[in-house]
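Reviewing the structure listed below.
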Amino acid sequence: MSLTAAEKIIAEKSGKEVVHPGDIVQAKVDLVLINDVTAPLAIMKFRELGINRVWDERKIAIVLDHFTPNKDIKSAEQCKFAREFAREMNILHFFEGGSVGIEHCLLPEKGIVAPGDLVIGADSHTCTYGALGAFATGVGSTDAGMAMATGDIWLRVPETMKFIYTGNLQPWVTGKDLILHTIGDIGVNGALYRVMEFSGETIARLSMAERMTMCNMAIEAGAKTGMMDVDEKTMEYVKDRVKKEFRVYRSDEDANYVDSREYNVEKIEPLVSFPHLPENVVPVSRAAKMNIAVDQLFIGSCTNGRIEDLRMAAEILEGRKVAKGLRLIIIPCSPGVYRDALKEGLIEIFLDAGAVIGPPTCGPCLGGHMGVLAKGERAVSTTNRNFVGRMGHPESEVYLANPYVAAASAVLGRIASPEVVMR
Amino acid sequence: MKLRGRAWKYGDNVDTDVIIPARYLNTFNSKELAEHVLEDLDLDFRKRMKKGDIIVAGENFGCGSSREHAPLAIKASGVSCVIAKSFARIFYRNAINIGLPILESREAAESVKNGDILEVELEKGVIRNLSRGEEYRFASFPDFVMNILRAGGFVEYTRKRLRGEDI
């Protein structure tokens, strides 16, 4: 029987020959991820079981990345609680302080996630790892806490939607724009409970970073996960990183898809997603004409905080200044990315432009710290959500965009097209 | 089991950021979380809601972040159940896992008006609108989900499983 890659992984991990969408299976997990916001609750639930060992201390990742460096006493207590648990259980993949990066950048970078893995994470953007050919999905703390005890998870086998991208990208158009375009097309619940499988010649040409950006935002269409085919680029990315054996699963040519859509990307321009839903996409040329003044720009997050994203920002910002009165906040997503940005001279470009550089953290993306918005303030952000109050005051506004657009807007002080700045 | 309360009506895509904003995620104390439930969507809700009240919403309720703090805050505030046209999947799992009843009923979500008094019979799959004399059905839970609910939540379910007991 023909299966999608997602179905093959779920079948393999649940010890079945085949699975069908709608089946409920008990699947073994290769990794359970928790962070400083979701870990304390997961640990408490784990403790309620009355057992004193986790199922496998090498297959749990605890990443203290959301409100760190600790933003207040309560956050410090949460981190302490998670840290003590990690020590007691001898958790192998524990990250904090100088070792911490944003979980969904850090784990692939460190080779902790491999193609073919089944990963659950108590963070909705766990779906990022689909770019490596893993089946990875977000869950809550109780699910994560129970999986830390049992090593498995119940899953409803999802239907898969196929998205095929053809043609060459226009200048300044990135993976971020492809996923915003897709969410704009199907809506924020357009892939509810489903897998979004991204394919086509355009995807094959994207960098791993851009692929991760796309899979990262599958959740913004309600999807269980986003996935991509494992190709030479994927293998090149994982070869010096992943130390364990892994298996690659590919969708069969005649696999069953619940929906299939094709996009010719040549007509897509950089997009801006207007408040307060990611589906509210507007082409940047049109958004720029609306003369939307902004107060803050944020370039970072698990969506767009990788070195490739920082290079995009630097391309625009080199030799230019942030407009007067604006705050441009740039956060490299991991210590490794921070180091590369230093070596490549990007940090200097950013400092010269007048940007603030923050330590790796989720921070401002969810209105945690290091860039919270006041009442009535507007931000252009390379992050993933622009819900009411997402980055601060409920009457603040977030416009989602790619790093080129965020940097161009920083220079002009209003939502701007990179083309205009670079002309 | 009968649930009864006033309906608080909201639209589509009520996300977990408005259910419980991230600025309050530095705790997992459910009582503290409940103090801020739905704060960024409707400041009146917390002030005026009474124990047993019911949230009625449109599509994709609970979309966004995986924070279990969202259903926890709703449950701890005294809300007896949430009725919506559809639920975001992580929220759905989280609500089931912690024992917050969530009911899918397009009919109820469309017909119920803000302030209506509702009565829900979970076992019978019936929602009664006492203010309008109407009755709606809601989708039954899959057997597997029923097993979790019957066990008293996912922790208890897992405890039984680890002990090798019948579930």
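How things are named: the first chain in the structure tokens is A, the next is B, and so on; residues count from 1 in each chain; ligands count from 1 in the order shown.
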For the structure I just gave you, how does DSSP split segment 306-337 of chain A - specifically, which residues are strand (DSSP E or B)? Reply as a ChimeraX atom specification. /A:327-330
Mind listing as a VMD selection string which residues of chain B are within 10 Å of chain A, counting only C-alpha atoms? chain B and resid 12 to 18 21 to 29 39 to 41 59 to 61 63 to 69 86 to 95 97 to 98 142 to 145 153 to 162
Taking the DSSP secondary structure from the backbone, can you list the residues of segment 114-175 of chain A that are alpha helix (DSSP H), as a ChimeraX atom specification? /A:141-150,175
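Each of A:Leu328, A:Met214, A:Val411, A:Val272 was compared to Asn304 of chain A using only C-alpha atoms, and A:Met214 turns out to be the nearest.
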Counting only C-alpha atoms, the residue of A:Ser2, A:Asn168, A:Ser199, A:Thr68 that sits nearest His20 of chain A: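 The answer is A:Ser2, which sits nearest to His20 of chain A.
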Could you pull the residues within 7 Å of Ile179 of chain A, counting only C-alpha atoms, minus those fewer than 4 positions along the same chain, as a ChimeraX atom specification? /A:175,183,214,217
If we count only C-alpha atoms, what is near Arg46 of chain B at a cut-off of 9 Å, once residues fewer than 6 positions away on the same chain are taken out, given as a PyMOL selection string? chain B and resi 34-39+77
Contact residues around segment 99-107 of chain A with only C-alpha atoms at 6 Å, ignoring same-chain residues under 2 positions, as a ChimeraX atom specification: /A:65,95-97,109-110,112,302,333-334,360-361
